[in-house]
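First the structure, in the form of structure tokens, and then the observations on it.
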Amino acid sequence: MDAWVVVLIVVVVVLFVLYLSQTAARLDRLHHRVDTSLATLQAQFMDRANEVLSLASSGRLDPSTSVLLADAADNALAQARASEAEFTLARCSAESALTSALEATFTDPQVVDELMEQPDGQRIVNDLTATIQKAAWSRRFHNDAVRATVAVRQQRLVRLLRLAGSATLPHTVELDDEVPPALRTR
């Protein structure tokens, strides 16, 4: 065998090993990104439920609305504590129910206007809107990280050589987290 053939084979093998190493490192970074985004998502949805619970217990809303929001927020917090670091079906349902309660409360801009006219109402509305928006963004960022990770894990070579190791396949979080209509304009 000629020396140039041996050199060519060595170069190809080295390039292949470098490619595998970079792919494994990228996959590791993506899994870390998923874990980080899931922790952020957990925190943002806990903040959202706590903010809603604070508003519901403040006496600034009518009693029936306060009860509706408090029940939904309590349920979301209970499911968050029960499911720890996972977004189970029950947790997603509880978070979607909280979104529905928020949408039922804040469909009419007049409710928001009345709330803003109260002392410190502007801050309360701004904090609530920001918290709801941050939770929605966190879910979108998490789902983007999951999709990127799954795309790399589905590559034939990654599956064949088991570059993902024993890491579990991440899943997107699907739930309703839209900002209520009357708060979108704030």
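Letters for chains follow the order of the structure tokens (A, B, ...), residue numbers begin at 1 for each chain, and ligand numbers begin at 1 in the order shown.
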field: Surrounding residues of Pro180 in chain A excluding itself and chain neighbours under 5 positions, 9 Å, only C-alpha atoms, as a list of chain:residue names
entry: A:Thr99, A:Ser100, A:Leu102, A:Glu103, A:Ala104, A:Thr105, A:Phe106, A:Thr107, A:Thr129, A:Ile132
Keeping only N, CA and C atoms, write the selected residues as a tab-separated table (two decimals), in the first residue's frame.
chain	number	residue	atom	x	y	z
A	99	THR	N	-54.89	29.04	32.77
A	99	THR	CA	-54.97	29.95	31.62
A	99	THR	C	-56.42	30.24	31.27
A	100	SER	N	-57.26	29.21	31.30
A	100	SER	CA	-58.69	29.41	31.01
A	100	SER	C	-59.33	30.34	32.03
A	102	LEU	N	-57.80	32.66	33.73
A	102	LEU	CA	-57.29	34.00	33.44
A	102	LEU	C	-58.00	34.61	32.24
A	103	GLU	N	-58.22	33.80	31.21
A	103	GLU	CA	-58.92	34.30	30.02
A	103	GLU	C	-60.37	34.66	30.35
A	104	ALA	N	-61.01	33.86	31.21
A	104	ALA	CA	-62.39	34.17	31.60
A	104	ALA	C	-62.44	35.46	32.41
A	105	THR	N	-61.42	35.70	33.21
A	105	THR	CA	-61.38	36.91	34.04
A	105	THR	C	-61.03	38.15	33.23
A	106	PHE	N	-60.09	38.01	32.32
A	106	PHE	CA	-59.55	39.18	31.62
A	106	PHE	C	-59.90	39.22	30.13
A	107	THR	N	-61.13	38.84	29.79
A	107	THR	CA	-61.57	39.01	28.40
A	107	THR	C	-62.05	40.43	28.17
A	129	THR	N	-49.09	40.59	33.81
A	129	THR	CA	-48.87	40.44	32.37
A	129	THR	C	-47.46	39.94	32.08
A	132	ILE	N	-47.12	36.21	33.08
A	132	ILE	CA	-47.81	35.33	32.13
A	132	ILE	C	-47.00	35.23	30.83
Hey, could you make a per-residue contact list for range 125-183 of chain A against range 24-41 of chain A with 7 Å as the cut-off, showing the nearest pair of atoms and its distance in Å to one decimal, counting only C-alpha atoms, sorted by chain and number, as a tab-separated table?
residue	atom	partner	partner_atom	distance
A:Ala135	CA	A:Leu41	CA	6.6
A:Ser138	CA	A:Leu41	CA	5.2
A:Arg139	CA	A:Leu41	CA	6.0
A:Phe141	CA	A:Ser37	CA	6.9
A:His142	CA	A:Ser37	CA	5.0
A:Ala145	CA	A:Val34	CA	5.5
A:Val146	CA	A:Val34	CA	6.0
A:Thr149	CA	A:Leu30	CA	5.5
A:Val152	CA	A:Leu27	CA	6.9
A:Leu163	CA	A:Ala24	CA	5.7
A:Ala164	CA	A:Leu27	CA	6.8
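Across the model, the gap from CA of Val150 in chain A to CA of Ala167 in chain A is 11.6 Å.
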message: Quick one: residues within 12 Å of range 71-80 of chain A, only C-alpha atoms, excluding same-chain residues fewer than 5 positions away - as a ChimeraX atom specification?
response: /A:39,41-57,64-66,85-105
Store the residues picked out above, limited to N, CA and C atoms, as a short mmCIF file (atom, residue, chain, number, x, y, z; two decimals), in the first residue's frame.
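New file part_21.cif:
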data_model
loop_
_atom_site.label_atom_id
_atom_site.label_comp_id
_atom_site.auth_asym_id
_atom_site.auth_seq_id
_atom_site.Cartn_x
_atom_site.Cartn_y
_atom_site.Cartn_z
N ALA A 39 -36.04 23.61 33.90
CA ALA A 39 -35.99 24.22 35.23
C ALA A 39 -36.54 25.65 35.19
N LEU A 41 -38.67 26.78 32.99
CA LEU A 41 -40.10 26.63 32.74
C LEU A 41 -40.86 26.34 34.03
N GLN A 42 -40.31 25.43 34.84
CA GLN A 42 -40.93 25.12 36.13
C GLN A 42 -41.05 26.39 36.98
N ALA A 43 -39.96 27.13 37.06
CA ALA A 43 -39.95 28.35 37.89
C ALA A 43 -40.94 29.39 37.36
N GLN A 44 -41.01 29.56 36.05
CA GLN A 44 -41.91 30.57 35.48
C GLN A 44 -43.37 30.21 35.71
N PHE A 45 -43.72 28.94 35.58
CA PHE A 45 -45.11 28.56 35.81
C PHE A 45 -45.46 28.61 37.29
N MET A 46 -44.50 28.35 38.17
CA MET A 46 -44.74 28.52 39.60
C MET A 46 -44.95 30.01 39.91
N ASP A 47 -44.13 30.87 39.31
CA ASP A 47 -44.29 32.32 39.50
C ASP A 47 -45.66 32.78 39.01
N ARG A 48 -46.08 32.26 37.86
CA ARG A 48 -47.38 32.64 37.30
C ARG A 48 -48.50 32.26 38.27
N ALA A 49 -48.47 31.04 38.78
CA ALA A 49 -49.51 30.59 39.70
C ALA A 49 -49.48 31.40 41.00
N ASN A 50 -48.29 31.69 41.50
CA ASN A 50 -48.18 32.49 42.72
C ASN A 50 -48.68 33.92 42.51
N GLU A 51 -48.39 34.50 41.35
CA GLU A 51 -48.86 35.85 41.04
C GLU A 51 -50.38 35.88 40.96
N VAL A 52 -50.96 34.87 40.33
CA VAL A 52 -52.43 34.80 40.23
C VAL A 52 -53.04 34.59 41.61
N LEU A 53 -52.43 33.73 42.41
CA LEU A 53 -52.93 33.49 43.77
C LEU A 53 -52.85 34.77 44.61
N SER A 54 -51.79 35.52 44.44
CA SER A 54 -51.65 36.79 45.15
C SER A 54 -52.74 37.77 44.74
N LEU A 55 -53.01 37.85 43.44
CA LEU A 55 -54.08 38.73 42.96
C LEU A 55 -55.44 38.27 43.49
N ALA A 56 -55.67 36.97 43.46
CA ALA A 56 -56.97 36.43 43.91
C ALA A 56 -57.20 36.70 45.39
N SER A 57 -56.15 36.67 46.18
CA SER A 57 -56.31 36.87 47.62
C SER A 57 -56.19 38.34 48.04
N SER A 64 -66.42 36.00 43.31
CA SER A 64 -66.51 34.81 42.46
C SER A 64 -65.28 34.67 41.56
N THR A 65 -64.79 35.78 41.05
CA THR A 65 -63.58 35.75 40.22
C THR A 65 -62.38 35.36 41.06
N SER A 66 -62.31 35.89 42.27
CA SER A 66 -61.21 35.55 43.17
C SER A 66 -61.18 34.06 43.47
N ALA A 85 -40.19 17.65 38.74
CA ALA A 85 -39.50 18.19 37.56
C ALA A 85 -40.14 17.75 36.24
N GLU A 86 -41.30 17.17 36.28
CA GLU A 86 -41.94 16.68 35.06
C GLU A 86 -43.21 17.48 34.78
N PHE A 87 -43.52 17.62 33.52
CA PHE A 87 -44.79 18.21 33.13
C PHE A 87 -45.69 17.05 32.72
N THR A 88 -46.38 16.48 33.72
CA THR A 88 -47.28 15.36 33.48
C THR A 88 -48.55 15.88 32.81
N LEU A 89 -49.38 14.95 32.38
CA LEU A 89 -50.65 15.33 31.77
C LEU A 89 -51.51 16.12 32.76
N ALA A 90 -51.51 15.68 34.02
CA ALA A 90 -52.29 16.39 35.04
C ALA A 90 -51.75 17.81 35.25
N ARG A 91 -50.44 17.95 35.22
CA ARG A 91 -49.83 19.28 35.40
C ARG A 91 -50.19 20.18 34.22
N CYS A 92 -50.09 19.65 33.01
CA CYS A 92 -50.44 20.45 31.83
C CYS A 92 -51.91 20.84 31.85
N SER A 93 -52.77 19.92 32.30
CA SER A 93 -54.20 20.23 32.39
C SER A 93 -54.45 21.33 33.42
N ALA A 94 -53.76 21.25 34.55
CA ALA A 94 -53.92 22.28 35.59
C ALA A 94 -53.43 23.64 35.11
N GLU A 95 -52.32 23.66 34.40
CA GLU A 95 -51.80 24.93 33.86
C GLU A 95 -52.74 25.49 32.80
N SER A 96 -53.29 24.62 31.97
CA SER A 96 -54.26 25.07 30.96
C SER A 96 -55.53 25.59 31.61
N ALA A 97 -55.95 24.95 32.71
CA ALA A 97 -57.14 25.41 33.44
C ALA A 97 -56.88 26.79 34.05
N LEU A 98 -55.67 27.02 34.52
CA LEU A 98 -55.33 28.34 35.05
C LEU A 98 -55.38 29.39 33.94
N THR A 99 -54.89 29.04 32.77
CA THR A 99 -54.97 29.95 31.62
C THR A 99 -56.42 30.24 31.27
N SER A 100 -57.26 29.21 31.30
CA SER A 100 -58.69 29.41 31.01
C SER A 100 -59.33 30.34 32.03
N ALA A 101 -58.97 30.17 33.30
CA ALA A 101 -59.51 31.05 34.34
C ALA A 101 -59.04 32.49 34.12
N LEU A 102 -57.80 32.66 33.73
CA LEU A 102 -57.29 34.00 33.44
C LEU A 102 -58.00 34.61 32.24
N GLU A 103 -58.22 33.80 31.21
CA GLU A 103 -58.92 34.30 30.02
C GLU A 103 -60.37 34.66 30.35
N ALA A 104 -61.01 33.86 31.21
CA ALA A 104 -62.39 34.17 31.60
C ALA A 104 -62.44 35.46 32.41
N THR A 105 -61.42 35.70 33.21
CA THR A 105 -61.38 36.91 34.04
C THR A 105 -61.03 38.15 33.23
#
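With only C-alpha atoms as the atoms that count, the minimum distance from Asn143 in chain A to the choices A:Leu175, A:Met116, A:Leu68, A:Leu157 is reached by A:Leu175.
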